[in-house]
Each structure stands twice: as structure tokens, then as C-alpha cells.
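Data block for input.txt (compact mmCIF, C-alpha atoms and all ligand atoms):
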```txt
# COMPACT_ATOMS: atom_id res chain seq x y z
CA MET A 1 209.12 10.39 137.25
CA ALA A 2 209.81 11.39 133.65
CA PHE A 3 209.01 9.65 130.39
CA LEU A 4 209.94 10.13 126.79
CA ASN A 5 208.00 13.04 125.31
CA ILE A 6 206.51 11.64 122.12
CA ALA A 7 202.99 12.18 120.80
CA LYS A 8 200.98 9.65 118.82
CA ALA A 9 201.47 10.23 115.07
CA SER A 10 198.69 12.56 113.92
CA THR A 11 197.51 10.14 111.20
CA PHE A 12 196.51 7.66 113.90
CA THR A 13 194.94 10.35 116.09
CA LEU A 14 192.80 11.53 113.17
CA ASN A 15 191.89 7.98 112.15
CA GLU A 16 190.71 7.18 115.65
CA GLY A 17 188.85 10.55 115.84
CA THR A 18 186.96 9.92 112.60
CA GLN A 19 186.08 6.38 113.74
CA ALA A 20 184.61 7.89 116.92
CA LEU A 21 182.50 10.37 114.89
CA GLU A 22 181.24 7.58 112.64
CA ALA A 23 180.37 5.50 115.69
CA VAL A 24 177.87 8.22 116.71
CA GLY A 25 176.33 8.24 113.24
CA ARG A 26 178.09 11.23 111.64
CA ARG A 27 178.89 11.13 107.93
CA VAL A 28 182.64 11.62 107.66
CA TYR A 29 184.59 12.18 104.46
CA LYS A 30 187.76 10.27 105.19
CA PHE A 31 190.58 12.09 103.47
CA GLY A 32 192.91 11.68 106.44
CA PHE A 33 194.44 8.22 106.57
CA GLY A 34 196.56 7.07 103.60
CA VAL A 35 195.73 3.39 103.24
CA SER A 36 195.55 1.70 99.84
CA PRO A 37 192.00 1.11 98.56
CA PHE A 38 193.19 -2.08 96.81
CA ALA A 39 193.51 -5.53 98.41
CA PRO A 40 196.59 -7.70 97.83
CA PRO A 41 196.13 -9.95 94.76
CA ALA A 42 194.39 -13.29 95.39
CA PRO A 43 197.52 -15.49 94.92
CA VAL A 44 199.34 -13.39 97.52
CA ARG A 45 196.46 -13.69 100.00
CA GLU A 46 196.35 -17.43 99.36
CA ALA A 47 200.08 -17.69 99.96
CA LEU A 48 199.57 -16.02 103.34
CA GLY A 49 196.64 -18.27 104.14
CA SER A 50 198.69 -21.40 103.65
CA ALA A 51 201.68 -20.09 105.60
CA ALA A 52 200.10 -20.16 109.08
CA GLY A 53 202.37 -23.05 110.03
CA ARG A 54 205.47 -20.93 109.48
CA VAL A 55 206.09 -20.12 113.10
CA GLU A 56 209.86 -19.87 112.97
CA TYR A 57 212.02 -16.80 113.39
CA THR A 58 213.69 -16.20 110.05
CA ALA A 59 217.17 -14.78 109.53
CA VAL A 60 217.22 -11.17 110.78
CA ALA A 61 217.79 -9.85 107.23
CA GLY A 62 214.89 -11.92 105.90
CA LEU A 63 214.36 -15.19 104.02
CA PRO A 64 217.23 -15.58 101.52
CA GLN A 65 214.78 -16.35 98.71
CA LEU A 66 212.73 -13.26 99.50
CA ARG A 67 215.85 -11.09 99.39
CA GLU A 68 216.59 -12.67 95.98
CA ASN A 69 213.06 -11.99 94.75
CA ILE A 70 213.05 -8.38 95.91
CA ALA A 71 216.47 -7.77 94.30
CA ALA A 72 215.35 -9.31 90.99
CA PHE A 73 212.02 -7.46 91.11
CA HIS A 74 213.52 -4.02 91.67
CA GLN A 75 216.35 -4.66 89.25
CA GLU A 76 213.71 -5.32 86.61
CA VAL A 77 211.34 -2.45 87.37
CA ASP A 78 213.97 0.15 88.31
CA GLY A 79 216.57 -0.79 85.71
CA TYR A 80 219.75 -0.98 87.76
CA ALA A 81 221.75 -3.95 89.08
CA ILE A 82 220.82 -5.18 92.57
CA ASP A 83 222.28 -8.14 94.45
CA ALA A 84 220.28 -10.00 97.10
CA GLY A 85 223.04 -9.17 99.60
CA GLN A 86 222.02 -5.50 99.38
CA VAL A 87 218.48 -6.23 100.54
CA LEU A 88 217.22 -6.17 104.11
CA VAL A 89 213.64 -7.19 104.94
CA ALA A 90 211.80 -5.80 107.98
CA PRO A 91 208.33 -5.59 109.54
CA GLY A 92 207.36 -2.41 107.63
CA THR A 93 209.44 0.45 106.32
CA LYS A 94 208.77 2.55 109.41
CA PRO A 95 211.04 0.49 111.71
CA LEU A 96 213.62 0.34 108.93
CA LEU A 97 213.62 4.11 108.58
CA ASN A 98 213.87 4.42 112.34
CA ASN A 99 216.88 2.11 112.47
CA ILE A 100 218.57 3.83 109.54
CA MET A 101 218.32 7.11 111.44
CA ARG A 102 219.86 5.48 114.47
CA VAL A 103 222.88 3.85 112.83
CA PHE A 104 224.21 7.14 111.49
CA GLN A 105 226.04 8.56 114.50
CA PRO A 106 226.59 11.45 114.73
CA ALA A 107 224.41 12.87 111.98
CA GLU A 108 222.21 15.76 111.04
CA VAL A 109 219.05 15.01 109.13
CA TYR A 110 217.92 17.23 106.26
CA LEU A 111 214.21 17.14 105.49
CA PRO A 112 212.41 19.06 102.76
CA ARG A 113 209.40 20.92 104.04
CA PRO A 114 206.84 19.31 103.52
CA SER A 115 207.78 15.69 104.11
CA TRP A 116 206.23 12.63 105.72
CA ILE A 117 205.28 12.97 109.39
CA SER A 118 207.56 10.37 110.99
CA TYR A 119 210.98 11.40 109.66
CA GLY A 120 211.33 14.34 112.05
CA PRO A 121 210.33 12.51 115.24
CA GLN A 122 212.49 9.52 114.28
CA ALA A 123 215.50 11.76 113.65
CA ARG A 124 215.01 13.49 116.99
CA LEU A 125 214.60 10.16 118.79
CA ALA A 126 217.97 9.19 117.31
CA GLY A 127 219.42 12.36 118.82
CA HIS A 128 219.95 14.20 115.53
CA ASP A 129 219.41 17.85 114.68
CA VAL A 130 216.75 18.28 112.00
CA VAL A 131 217.40 20.80 109.24
CA ARG A 132 214.18 21.75 107.46
CA ILE A 133 214.59 22.93 103.88
CA PRO A 134 211.79 25.16 102.58
CA THR A 135 210.06 24.56 99.25
CA THR A 136 207.28 26.55 97.58
CA PHE A 137 203.95 25.97 95.92
CA GLU A 138 205.31 27.67 92.78
CA GLY A 139 208.32 25.32 92.84
CA ARG A 140 205.90 22.33 93.07
CA TRP A 141 207.10 21.62 96.62
CA ARG A 142 210.34 20.25 95.06
CA LEU A 143 213.65 20.38 96.88
CA SER A 144 215.83 22.52 94.64
CA PRO A 145 219.61 22.11 94.43
CA GLU A 146 219.94 25.79 95.41
CA ALA A 147 217.82 25.39 98.55
CA LEU A 148 219.79 22.30 99.55
CA GLU A 149 223.07 24.12 98.97
CA GLN A 150 221.88 27.08 101.07
CA ALA A 151 220.74 24.80 103.88
CA VAL A 152 224.20 23.22 104.01
CA ALA A 153 225.92 26.61 103.88
CA ARG A 154 223.90 27.86 106.86
CA ARG A 155 225.00 24.95 109.08
CA PRO A 156 228.23 25.22 111.01
CA SER A 157 230.72 22.62 109.81
CA ASN A 158 230.58 20.10 112.63
CA GLY A 159 231.91 16.89 111.10
CA ARG A 160 228.53 15.18 111.39
CA GLN A 161 227.28 12.93 108.64
CA LYS A 162 224.67 14.63 106.47
CA LEU A 163 221.59 12.51 105.87
CA LEU A 164 218.82 13.64 103.50
CA VAL A 165 215.45 11.96 103.32
CA LEU A 166 213.83 12.28 99.92
CA ASN A 167 210.41 10.73 99.38
CA TYR A 168 208.82 10.59 95.94
CA PRO A 169 206.17 10.15 94.67
CA GLY A 170 205.52 12.15 97.77
CA ASN A 171 203.48 11.93 100.88
CA PRO A 172 201.94 14.55 101.41
CA ASP A 173 202.31 16.15 97.96
CA GLY A 174 201.68 13.39 95.36
CA LEU A 175 204.48 14.78 93.21
CA THR A 176 207.65 13.25 91.82
CA TYR A 177 211.08 14.22 90.51
CA SER A 178 212.16 13.97 86.89
CA PRO A 179 215.51 12.31 86.04
CA SER A 180 217.00 15.73 85.25
CA GLU A 181 215.82 17.18 88.59
CA LEU A 182 217.39 14.20 90.36
CA ASP A 183 220.57 14.65 88.39
CA ALA A 184 220.83 18.31 89.41
CA LEU A 185 220.21 17.41 93.06
CA SER A 186 222.79 14.61 92.93
CA GLN A 187 225.52 17.12 92.15
CA VAL A 188 224.94 18.88 95.46
CA LEU A 189 224.62 15.52 97.25
CA ARG A 190 227.95 14.38 95.82
CA ARG A 191 229.68 17.65 96.66
CA HIS A 192 228.69 17.39 100.33
CA GLU A 193 228.94 13.60 100.59
CA PHE A 194 225.35 13.20 101.67
CA TRP A 195 223.86 9.83 102.50
CA VAL A 196 220.30 9.75 101.23
CA VAL A 197 217.33 7.74 102.31
CA ALA A 198 215.22 7.55 99.16
CA ASP A 199 211.79 6.58 100.48
CA GLU A 200 210.36 5.10 97.30
CA ILE A 201 207.41 3.34 98.91
CA TYR A 202 205.02 4.89 96.31
CA ALA A 203 207.34 4.28 93.31
CA LEU A 204 205.20 1.54 91.78
CA LEU A 205 202.20 3.85 92.00
CA ASP A 206 203.73 6.55 89.81
CA HIS A 207 200.65 7.21 87.69
CA ARG A 208 202.55 7.06 84.43
CA GLY A 209 204.81 4.21 85.53
CA ARG A 210 207.86 6.40 85.05
CA HIS A 211 209.51 6.38 88.44
CA CYS A 212 213.24 6.99 88.35
CA SER A 213 215.03 5.60 91.42
CA LEU A 214 217.59 7.86 93.05
CA ALA A 215 219.79 4.77 93.38
CA SER A 216 220.26 4.82 89.60
CA VAL A 217 221.38 8.48 89.70
CA TYR A 218 223.33 8.65 92.97
CA PRO A 219 224.28 4.99 93.56
CA ALA A 220 227.14 5.33 96.01
CA ARG A 221 225.20 6.60 99.04
CA THR A 222 221.51 6.03 98.39
CA LEU A 223 219.50 3.74 100.65
CA VAL A 224 216.17 2.90 99.01
CA THR A 225 213.26 1.96 101.22
CA THR A 226 210.15 0.31 99.89
CA GLY A 227 207.62 -2.33 100.92
CA MET A 228 204.23 -3.92 100.45
CA SER A 229 202.11 -1.31 102.24
CA LYS A 230 201.19 0.81 99.24
CA TRP A 231 201.54 -0.99 95.90
CA CYS A 232 200.37 -4.30 97.37
CA GLY A 233 197.67 -2.89 99.65
CA ALA A 234 199.10 -4.70 102.65
CA GLY A 235 199.94 -1.97 105.20
CA GLY A 236 198.79 -4.01 108.17
CA TRP A 237 200.81 -7.02 107.15
CA ARG A 238 203.97 -5.05 107.92
CA LEU A 239 206.56 -5.81 105.29
CA GLY A 240 209.25 -3.34 104.34
CA ALA A 241 212.54 -3.64 102.49
CA LEU A 242 215.76 -1.70 102.23
CA ILE A 243 218.11 -1.74 99.25
CA LEU A 244 221.59 -0.70 100.29
CA PRO A 245 224.18 0.68 97.87
CA PRO A 246 226.30 -2.06 96.23
CA ASP A 247 229.49 -0.91 97.95
CA ALA A 248 227.98 0.11 101.28
CA PRO A 249 230.43 -0.34 104.13
CA SER A 250 229.87 -3.70 105.81
CA ALA A 251 229.70 -1.81 109.11
CA LEU A 252 226.49 -0.15 107.89
CA PHE A 253 224.85 -3.47 107.03
CA ASP A 254 226.07 -5.02 110.30
CA ALA A 255 224.77 -2.10 112.36
CA LEU A 256 221.34 -2.35 110.74
CA VAL A 257 221.19 -6.11 111.29
CA GLY A 258 222.46 -5.71 114.86
CA LEU A 259 219.86 -3.09 115.67
CA ALA A 260 217.14 -5.18 114.04
CA SER A 261 218.18 -8.23 116.06
CA GLU A 262 217.88 -6.21 119.26
CA SER A 263 214.55 -4.60 118.36
CA TYR A 264 212.13 -6.43 116.05
CA SER A 265 214.11 -9.69 115.35
CA CYS A 266 212.69 -10.26 111.86
CA ALA A 267 209.60 -9.73 109.72
CA PRO A 268 206.87 -12.29 110.49
CA ALA A 269 207.62 -15.57 108.67
CA PRO A 270 204.11 -16.03 107.15
CA ILE A 271 204.19 -12.49 105.78
CA GLN A 272 207.59 -13.13 104.23
CA VAL A 273 206.19 -16.25 102.57
CA ALA A 274 203.32 -14.20 101.13
CA ALA A 275 205.86 -11.60 100.01
CA LEU A 276 207.74 -14.28 98.10
CA ARG A 277 204.65 -14.57 95.91
CA ALA A 278 204.03 -10.81 95.77
CA TYR A 279 207.55 -10.13 94.51
CA GLU A 280 207.25 -12.63 91.65
CA LEU A 281 207.15 -10.54 88.51
CA ASP A 282 204.61 -11.99 86.12
CA GLU A 283 201.98 -10.72 83.69
CA GLN A 284 199.31 -10.71 86.40
CA LEU A 285 201.41 -8.46 88.61
CA TYR A 286 202.20 -6.04 85.79
CA ALA A 287 198.48 -5.88 85.00
CA PHE A 288 197.63 -5.26 88.69
CA LEU A 289 200.17 -2.43 88.90
CA ALA A 290 199.02 -0.87 85.63
CA ALA A 291 195.37 -1.00 86.74
CA GLN A 292 196.12 0.65 90.09
CA ARG A 293 198.05 3.42 88.36
CA ARG A 294 195.32 4.07 85.86
CA ILE A 295 192.65 4.20 88.57
CA LEU A 296 194.68 6.40 90.91
CA GLY A 297 195.53 8.69 88.00
CA ALA A 298 191.86 9.07 87.05
CA VAL A 299 190.61 9.50 90.62
CA GLY A 300 193.42 11.91 91.49
CA ALA A 301 192.66 14.04 88.43
CA ALA A 302 188.92 14.14 89.25
CA VAL A 303 189.53 15.07 92.88
CA HIS A 304 192.05 17.70 91.86
CA ALA A 305 189.64 19.26 89.35
CA ALA A 306 186.86 19.39 91.95
CA LEU A 307 189.16 21.10 94.45
CA HIS A 308 190.31 23.57 91.85
CA ALA A 309 186.67 24.48 91.17
CA CYS A 310 186.30 25.32 94.91
CA GLY A 311 189.25 27.72 94.74
CA VAL A 312 191.66 25.47 96.67
CA ARG A 313 195.20 25.48 95.29
CA ALA A 314 196.90 22.12 94.65
CA HIS A 315 199.13 20.53 92.04
CA ALA A 316 197.67 17.68 90.00
CA PRO A 317 199.05 14.47 91.52
CA GLN A 318 201.66 12.40 89.68
CA GLY A 319 201.91 9.34 91.91
CA GLY A 320 200.61 7.67 95.06
CA PHE A 321 197.35 8.97 96.48
CA TYR A 322 197.81 12.36 98.10
CA LEU A 323 197.32 16.03 97.37
CA LEU A 324 198.73 18.89 99.40
CA LEU A 325 196.01 21.55 99.60
CA ASP A 326 196.88 25.20 99.92
CA PHE A 327 194.08 27.27 101.44
CA SER A 328 196.09 30.50 101.42
CA PRO A 329 193.63 32.17 98.98
CA PHE A 330 191.19 32.03 101.94
CA ALA A 331 193.69 33.33 104.50
CA GLY A 332 191.85 36.62 105.10
CA ALA A 333 188.45 34.97 105.49
CA LEU A 334 189.88 32.29 107.79
CA ALA A 335 191.63 34.82 110.01
CA ALA A 336 188.41 36.88 110.16
CA GLN A 337 186.70 33.80 111.65
CA GLY A 338 189.48 33.42 114.22
CA ILE A 339 190.96 30.40 112.42
CA ILE A 340 194.61 31.21 112.69
CA ASP A 341 196.40 28.00 111.68
CA ASP A 342 196.10 24.77 109.74
CA ARG A 343 195.16 22.69 112.79
CA GLN A 344 192.22 24.95 113.61
CA LEU A 345 191.22 24.83 109.94
CA CYS A 346 191.22 21.00 109.94
CA ASP A 347 189.40 20.85 113.28
CA ARG A 348 186.67 23.16 111.99
CA LEU A 349 186.36 21.31 108.68
CA LEU A 350 185.86 18.03 110.52
CA ALA A 351 183.39 19.48 113.03
CA ASP A 352 181.35 21.60 110.58
CA ALA A 353 181.53 19.67 107.29
CA GLY A 354 182.65 16.16 108.30
CA VAL A 355 185.75 16.57 106.11
CA ALA A 356 188.82 14.87 107.62
CA LEU A 357 192.14 16.33 106.45
CA LEU A 358 195.56 16.33 108.09
CA PRO A 359 197.14 19.72 108.83
CA GLY A 360 200.27 20.55 106.81
CA ASN A 361 202.05 21.27 110.07
CA ALA A 362 202.20 17.50 110.69
CA PHE A 363 204.44 17.45 107.61
CA GLY A 364 206.63 20.30 108.79
CA MET A 365 204.75 23.12 107.06
CA PRO A 366 204.45 26.41 108.94
CA PRO A 367 200.97 26.33 110.56
CA GLU A 368 200.03 29.80 109.36
CA CYS A 369 200.38 28.69 105.71
CA TYR A 370 196.99 26.94 105.90
CA THR A 371 198.02 23.75 104.10
CA ALA A 372 196.49 20.30 104.59
CA ARG A 373 196.93 16.84 103.14
CA LEU A 374 194.15 15.02 101.37
CA ALA A 375 194.33 11.25 100.72
CA TYR A 376 192.02 10.16 97.90
CA VAL A 377 191.57 6.54 98.92
CA ASP A 378 187.97 6.48 100.16
CA PHE A 379 186.57 4.42 97.29
CA ASP A 380 185.88 0.76 96.53
CA GLY A 381 189.16 -0.49 95.05
CA ASP A 382 187.70 -3.85 93.99
CA ALA A 383 184.86 -2.20 92.06
CA ALA A 384 187.31 0.20 90.39
CA LEU A 385 189.59 -2.70 89.39
CA ARG A 386 186.64 -4.52 87.81
CA ASP A 387 185.82 -1.37 85.84
CA VAL A 388 189.37 -0.32 85.02
CA ASN A 389 188.85 -0.22 81.26
CA GLN A 390 186.14 2.44 81.65
CA ILE A 391 187.55 4.14 84.69
CA GLU A 392 187.97 7.59 83.13
CA ALA A 393 184.36 7.61 81.90
CA ASN A 394 182.96 6.34 85.20
CA VAL A 395 185.27 8.07 87.63
CA THR A 396 182.60 10.35 89.10
CA ASP A 397 180.63 7.24 90.12
CA HIS A 398 183.61 5.51 91.69
CA ALA A 399 184.76 8.65 93.46
CA ALA A 400 181.21 9.77 94.34
CA LYS A 401 181.68 9.88 98.11
CA MET A 402 184.92 11.84 97.84
CA LEU A 403 183.41 14.27 95.35
CA GLU A 404 180.49 14.75 97.77
CA GLY A 405 183.07 15.48 100.46
CA ILE A 406 184.72 18.09 98.25
CA ASP A 407 181.28 19.63 97.63
CA ALA A 408 180.88 19.86 101.41
CA LEU A 409 184.30 21.49 101.62
CA GLY A 410 183.39 23.92 98.83
CA GLU A 411 180.13 24.85 100.56
CA TRP A 412 182.01 25.48 103.81
CA LEU A 413 184.44 27.75 101.97
CA ARG A 414 181.58 29.64 100.28
CA GLN A 415 179.95 30.27 103.63
CA LEU A 416 183.27 31.36 105.03
CA ASN A 417 183.71 33.90 102.24
CA SER A 418 180.14 35.15 102.50
CA SER A 419 180.38 35.67 106.25
CA ARG A 420 183.19 38.22 105.87
N1 LIG B 1 207.04 6.31 104.14
C1 LIG B 1 205.99 6.97 103.68
C2 LIG B 1 206.20 8.16 102.83
C3 LIG B 1 204.68 6.56 104.02
O1 LIG B 1 203.64 7.24 103.54
C4 LIG B 1 204.52 5.44 104.87
C5 LIG B 1 203.15 4.95 105.28
N2 LIG B 1 202.22 5.92 105.52
C6 LIG B 1 205.65 4.80 105.34
C7 LIG B 1 206.90 5.24 104.95
C8 LIG B 1 205.57 3.62 106.29
O2 LIG B 1 205.18 2.50 105.63
P1 LIG B 1 205.14 1.07 106.31
O3 LIG B 1 203.70 0.69 106.36
O4 LIG B 1 205.91 0.18 105.37
O5 LIG B 1 205.77 1.14 107.64
```

How does the structure come out when it is put into C-alpha cells?
Ligand code: PMP
Amino acid sequence: MAFLNIAKASTFTLNEGTQALEAVGRRVYKFGFGVSPFAPPAPVREALGSAAGRVEYTAVAGLPQLRENIAAFHQEVDGYAIDAGQVLVAPGTKPLLNNIMRVFQPAEVYLPRPSWISYGPQARLAGHDVVRIPTTFEGRWRLSPEALEQAVARRPSNGRQKLLVLNYPGNPDGLTYSPSELDALSQVLRRHEFWVVADEIYALLDHRGRHCSLASVYPARTLVTTGMSKWCGAGGWRLGALILPPDAPSALFDALVGLASESYSCAPAPIQVAALRAYELDEQLYAFLAAQRRILGAVGAAVHAALHACGVRAHAPQGGFYLLLDFSPFAGALAAQGIIDDRQLCDRLLADAGVALLPGNAFGMPPECYTARLAYVDFDGDAALRDVNQIEANVTDHAAKMLEGIDALGEWLRQLNSSR
């Protein structure tokens, strides 16, 4: 008997592993799992609470009013015209991304290295070849137009649709693209008629509130994915949304709806009702978004500075809640201890120092590069929100446990260097 060969996503494996360590009383610094530290706003939680009676299946594409709200919301915050007919609601962005991969047939999927863990497996499950495009620390892990052009040139021309997935602010890197960088990339995209999945799930958590949607730069073939998991702190509620291009072929929309109808049916009705409230743009919501950005900006800067002091290379984060750590300055010392790749590095850090990081290899990085992702979400989001006006002054208190974890990491690195 044979079954599909697919491993559990490493984020879940690590999360379950750290829970097991905590269950036996170990202190674990949880930098592994990227869940928002903030709860959904009270009116949104109340809306969910009163929607328990909504037991119906909704339309596959979502409640018409929710599609309206999401279109109006993103039109306002992203500054380009969106019609409700372009919006598709789903139980999370992950199944949406999976279905997008599947409706492009035949296709080849271009992924910058590093990029989020699930794109590669989803592309392979859809039967596509994956083309990894290298980036560098010096180039801020950005996909450059030249690298994209070279990746295309190296592929035989095979008539397959080219699909690029671009995620910014980025998981695992915490970095974004400027409008001029997007503009330069769009020229290559246009030349080769790429379709692009712009995974903008962290857009509202751009620390300076300056996210520029790829759909406003490359409107004809950009599919924007977003949802409530990150900016609304509601990952487990499972609500994602897709914004299709205004002139997308109806066959694309129909294929996505068809696939949805044969797989997940629709997003849960009560969650869609809560989302109706979440996607109502009012002063309270703007204030909630601004507070999250300010807090994540302050915490990210403090965590980055502490890492820098330990000799770990990383770029200061610009959005979301991740940093991609580069331990290559320790490569010699690590190899001398028999630690030959990023997985062994993360295993040892967890076992010796209680520091839970995810190996860069999960994001497509070569294992011998010794990279790892750090999520800086292990703090009390409610307490930080209450203290938002003094957050910069008090950040070391709010981020105390994470800073202690970075101290533990620094101590481990010092011992590593001294044992050479
Ligand atoms: N894209 C990125 C870049 C993510 O980080 C995540 C969540 N970790 C997702 C998509 C999936 O989000 P959802 O909870 O909406 O399925």
C-alpha cells in the first residue's frame, strides 16, 4: 500500500515539541510559532458570540455583504479600486493558496528563497515544478528583477504558465518591498506574462503603515491573498480572502469556486458574521491597527538590537513579526562542534538553551547557510496595547521573556566560541 508522501508542516511539529517540553517543566523561549499576540477587538468577538445560531452554509464565495466589506476595506487602505465581485472568502488563506496553485494547469511556480513554508509543498501537490530563486543577506533577501530574469532564462520554454508567489511584509524575513522595487519587478513580470500570488497577509502590520499592494503596480495578473489571521489576531478562526484582478478571466473565478465547492464548501458562517464587523473601517479599527504596528515596531527593534549584540546577523524588521537570523559568522565554531546544518543548530538550541527557532531550510534556504526564523510574538499583547503610548520606553519590560531568551542564545553562542 502506498500513501501520499507529505510531512507535517515544521511550524506545527515545533509547536507540538515545545508544548511537550513545557509539559515536563522546561522553560522554553517560544520563537517558533508565528501567532499574533493580540486578540481580536471586543466588538468582533461579540459579533462572533452572537452568531452561534448561524448554522447555514453560505454561498461558496462568501456572504455577499462580507465580500462588499472586504472590497471597500482594501480599496480604502490600499488605494486602488476593488469590486465585491473580485473577492472570494475562504476558511483561511492556506486553503485559498492551495486552490490557486491547483487551478493553474499546467504551471511552474517561482518562489524566492527564502519564502513561507507551505508554498513549495502546495505547488508540488498541484503537480508543478518549483523554481527557487536565490536572494542574499546583502540584498535584504529581496527578489531582484535580475535574479527573476535569470531564473526564467534558465528554464526551458515549455508553454507552462509562470506563477510567482511574492509575500511581503515577509514570513520569514520581516522585510517589505518599496514601490520602486515593485515597479522594477513588475517590468519583468509583464515581459514574461507572470501571474502573481501576492500574499499580503501581513500588509496591515507594516510597521510604518506604508504597505504598497502589488495589485496597484501590476493589476492585470495579481491575485492578492489576505485574511484575519495576522492583523485581527484570529488565526484559529480561519478566515481568508482573495482579491482577483478586475479583468480576471471568468474561468479563473469559476475554477476557484468549483474547487472550493468540492473541498471546503465555504468559510464558517459565524466567522463570516464576525468578519463583517472586523472589516468595518472605523476610528476604533484604525487605532487598533496603529497600536499593533507601533508595538510590533518597538518590540521588533528591541529584539533585533539584542540579537545584533550577540553577533547574530539579521535585518531590522519592517513589518509583521519575524526576523530571519543568519548564524554564518559562527559557521566555523558550529562545524567544529559537529553542527553541520540549520536543523541541527535549531535542535541543539532547543535542547541546550530552551530557544525554539525554525530552521531556514523550512523556508527553502540551503541548510548549510545556518539561517533560522525567529517570531517575536511571545509577549502579552493586551498589556502592550494598554501601554501603547509608552511602549518604546517600556519595551524591555514587555519583551522581557524574549530578551531573556536572546540572552540564553547569546550565552550558548559564547560557549560555542570559547569551546573552539
Ligand atoms: N501566508 C503566510 C505568509 C503566513 O505566514 C500564513 C500563516 N502562518 C499564511 C499564509 C496562512 O494563513 P491562514 O491562517 O490565513 O491560513

Using all atoms listed in the file for the distances, tell me which of A:Ala7, A:Ala61, A:Ile82, A:Leu96 is nearest to ligand LIG 1 (chain B).
A:Leu96

Go through chain A residue by residue and, counting all atoms listed in the file, keep those with an atom at most 7 Å from ligand LIG 1 (chain B); for each kept residue give the shortest atom pair and its distance in Å to one decimal, ordered by chain and increasing number, as JSON lines.
```
{"residue": "A:Gly34", "atom": "CA", "partner": "B:LIG1", "partner_atom": "N2", "distance": 6.1}
{"residue": "A:Gly92", "atom": "CA", "partner": "B:LIG1", "partner_atom": "O4", "distance": 3.7}
{"residue": "A:Thr93", "atom": "CA", "partner": "B:LIG1", "partner_atom": "O4", "distance": 3.7}
{"residue": "A:Lys94", "atom": "CA", "partner": "B:LIG1", "partner_atom": "O5", "distance": 3.8}
{"residue": "A:Pro95", "atom": "CA", "partner": "B:LIG1", "partner_atom": "O5", "distance": 6.7}
{"residue": "A:Trp116", "atom": "CA", "partner": "B:LIG1", "partner_atom": "C2", "distance": 5.3}
{"residue": "A:Asn167", "atom": "CA", "partner": "B:LIG1", "partner_atom": "C2", "distance": 6.0}
{"residue": "A:Gly170", "atom": "CA", "partner": "B:LIG1", "partner_atom": "C2", "distance": 6.5}
{"residue": "A:Asn171", "atom": "CA", "partner": "B:LIG1", "partner_atom": "C2", "distance": 5.0}
{"residue": "A:Asp199", "atom": "CA", "partner": "B:LIG1", "partner_atom": "N1", "distance": 6.0}
{"residue": "A:Ile201", "atom": "CA", "partner": "B:LIG1", "partner_atom": "N1", "distance": 6.0}
{"residue": "A:Thr226", "atom": "CA", "partner": "B:LIG1", "partner_atom": "O4", "distance": 6.9}
{"residue": "A:Gly227", "atom": "CA", "partner": "B:LIG1", "partner_atom": "O4", "distance": 5.4}
{"residue": "A:Met228", "atom": "CA", "partner": "B:LIG1", "partner_atom": "O4", "distance": 6.6}
{"residue": "A:Ser229", "atom": "CA", "partner": "B:LIG1", "partner_atom": "O3", "distance": 4.8}
{"residue": "A:Gly235", "atom": "CA", "partner": "B:LIG1", "partner_atom": "O3", "distance": 4.7}
{"residue": "A:Arg238", "atom": "CA", "partner": "B:LIG1", "partner_atom": "O3", "distance": 6.0}
{"residue": "A:Leu239", "atom": "CA", "partner": "B:LIG1", "partner_atom": "O4", "distance": 6.0}
{"residue": "A:Gly240", "atom": "CA", "partner": "B:LIG1", "partner_atom": "O4", "distance": 5.0}
```

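Ranking A:Pro359, A:Pro270, A:Pro219, A:Gly120 by their shortest atom-to-atom distance to Glu56 in chain A, with all atoms listed in the file included, puts A:Pro270 first.
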
Nearest to Met101 in chain A, chosen from A:Pro114, A:Pro64, A:Gly127, A:Gly139, with only C-alpha atoms counted in the distances:
A:Gly127

Option closest in space to Leu276 in chain A, from A:Ala198, A:Ala372, A:Ile6, A:Val89 [counting all atoms listed in the file]
A:Val89

Can you pull out every residue within 12 Å of Leu349 in chain A, counting all atoms listed in the file, but drop anything in the same chain fewer than 3 positions away, and send it as a VMD selection string?
chain A and resid 28 to 32 334 339 342 to 346 352 to 359 372 405 to 406 408 to 413 416

Quick one: distance from CA of Ala147 in chain A to CA of His315 in chain A in Å, one decimal?
20.4 Å

Straight-line distance linking CA of Phe33 in chain A with CA of Ala375 in chain A, stated in Å to one decimal
6.6 Å

Is it possible to add N, CA and C atoms to range 216-227 of chain A and hand it back as a PDB file, in the frame of the given file?
```pdb
ATOM      1  N   SER A 216     219.663   4.919  90.931  1.00  0.00           N
ATOM      2  CA  SER A 216     220.260   4.820  89.600  1.00  0.00           C
ATOM      3  C   SER A 216     220.972   6.113  89.213  1.00  0.00           C
ATOM      4  N   VAL A 217     220.779   7.173  90.005  1.00  0.00           N
ATOM      5  CA  VAL A 217     221.380   8.480  89.700  1.00  0.00           C
ATOM      6  C   VAL A 217     222.526   8.780  90.671  1.00  0.00           C
ATOM      7  N   TYR A 218     222.350   8.357  91.900  1.00  0.00           N
ATOM      8  CA  TYR A 218     223.330   8.650  92.970  1.00  0.00           C
ATOM      9  C   TYR A 218     223.580   7.326  93.710  1.00  0.00           C
ATOM     10  N   PRO A 219     224.244   6.362  93.024  1.00  0.00           N
ATOM     11  CA  PRO A 219     224.280   4.990  93.560  1.00  0.00           C
ATOM     12  C   PRO A 219     225.141   4.816  94.802  1.00  0.00           C
ATOM     13  N   ALA A 220     226.159   5.647  94.972  1.00  0.00           N
ATOM     14  CA  ALA A 220     227.140   5.330  96.010  1.00  0.00           C
ATOM     15  C   ALA A 220     226.573   5.426  97.428  1.00  0.00           C
ATOM     16  N   ARG A 221     225.665   6.398  97.653  1.00  0.00           N
ATOM     17  CA  ARG A 221     225.200   6.600  99.040  1.00  0.00           C
ATOM     18  C   ARG A 221     223.686   6.714  99.149  1.00  0.00           C
ATOM     19  N   THR A 222     222.977   5.998  98.291  1.00  0.00           N
ATOM     20  CA  THR A 222     221.510   6.030  98.390  1.00  0.00           C
ATOM     21  C   THR A 222     220.986   4.730  98.997  1.00  0.00           C
ATOM     22  N   LEU A 223     220.186   4.879 100.031  1.00  0.00           N
ATOM     23  CA  LEU A 223     219.500   3.740 100.650  1.00  0.00           C
ATOM     24  C   LEU A 223     218.033   3.837 100.231  1.00  0.00           C
ATOM     25  N   VAL A 224     217.565   2.860  99.488  1.00  0.00           N
ATOM     26  CA  VAL A 224     216.170   2.900  99.010  1.00  0.00           C
ATOM     27  C   VAL A 224     215.301   2.102  99.967  1.00  0.00           C
ATOM     28  N   THR A 225     214.225   2.728 100.420  1.00  0.00           N
ATOM     29  CA  THR A 225     213.260   1.960 101.220  1.00  0.00           C
ATOM     30  C   THR A 225     211.972   1.790 100.426  1.00  0.00           C
ATOM     31  N   THR A 226     211.388   0.624 100.594  1.00  0.00           N
ATOM     32  CA  THR A 226     210.150   0.310  99.890  1.00  0.00           C
ATOM     33  C   THR A 226     209.421  -0.768 100.692  1.00  0.00           C
ATOM     34  N   GLY A 227     208.334  -1.306 100.155  1.00  0.00           N
ATOM     35  CA  GLY A 227     207.620  -2.330 100.920  1.00  0.00           C
ATOM     36  C   GLY A 227     206.270  -2.623 100.322  1.00  0.00           C
TER      37      GLY A 227
END
```
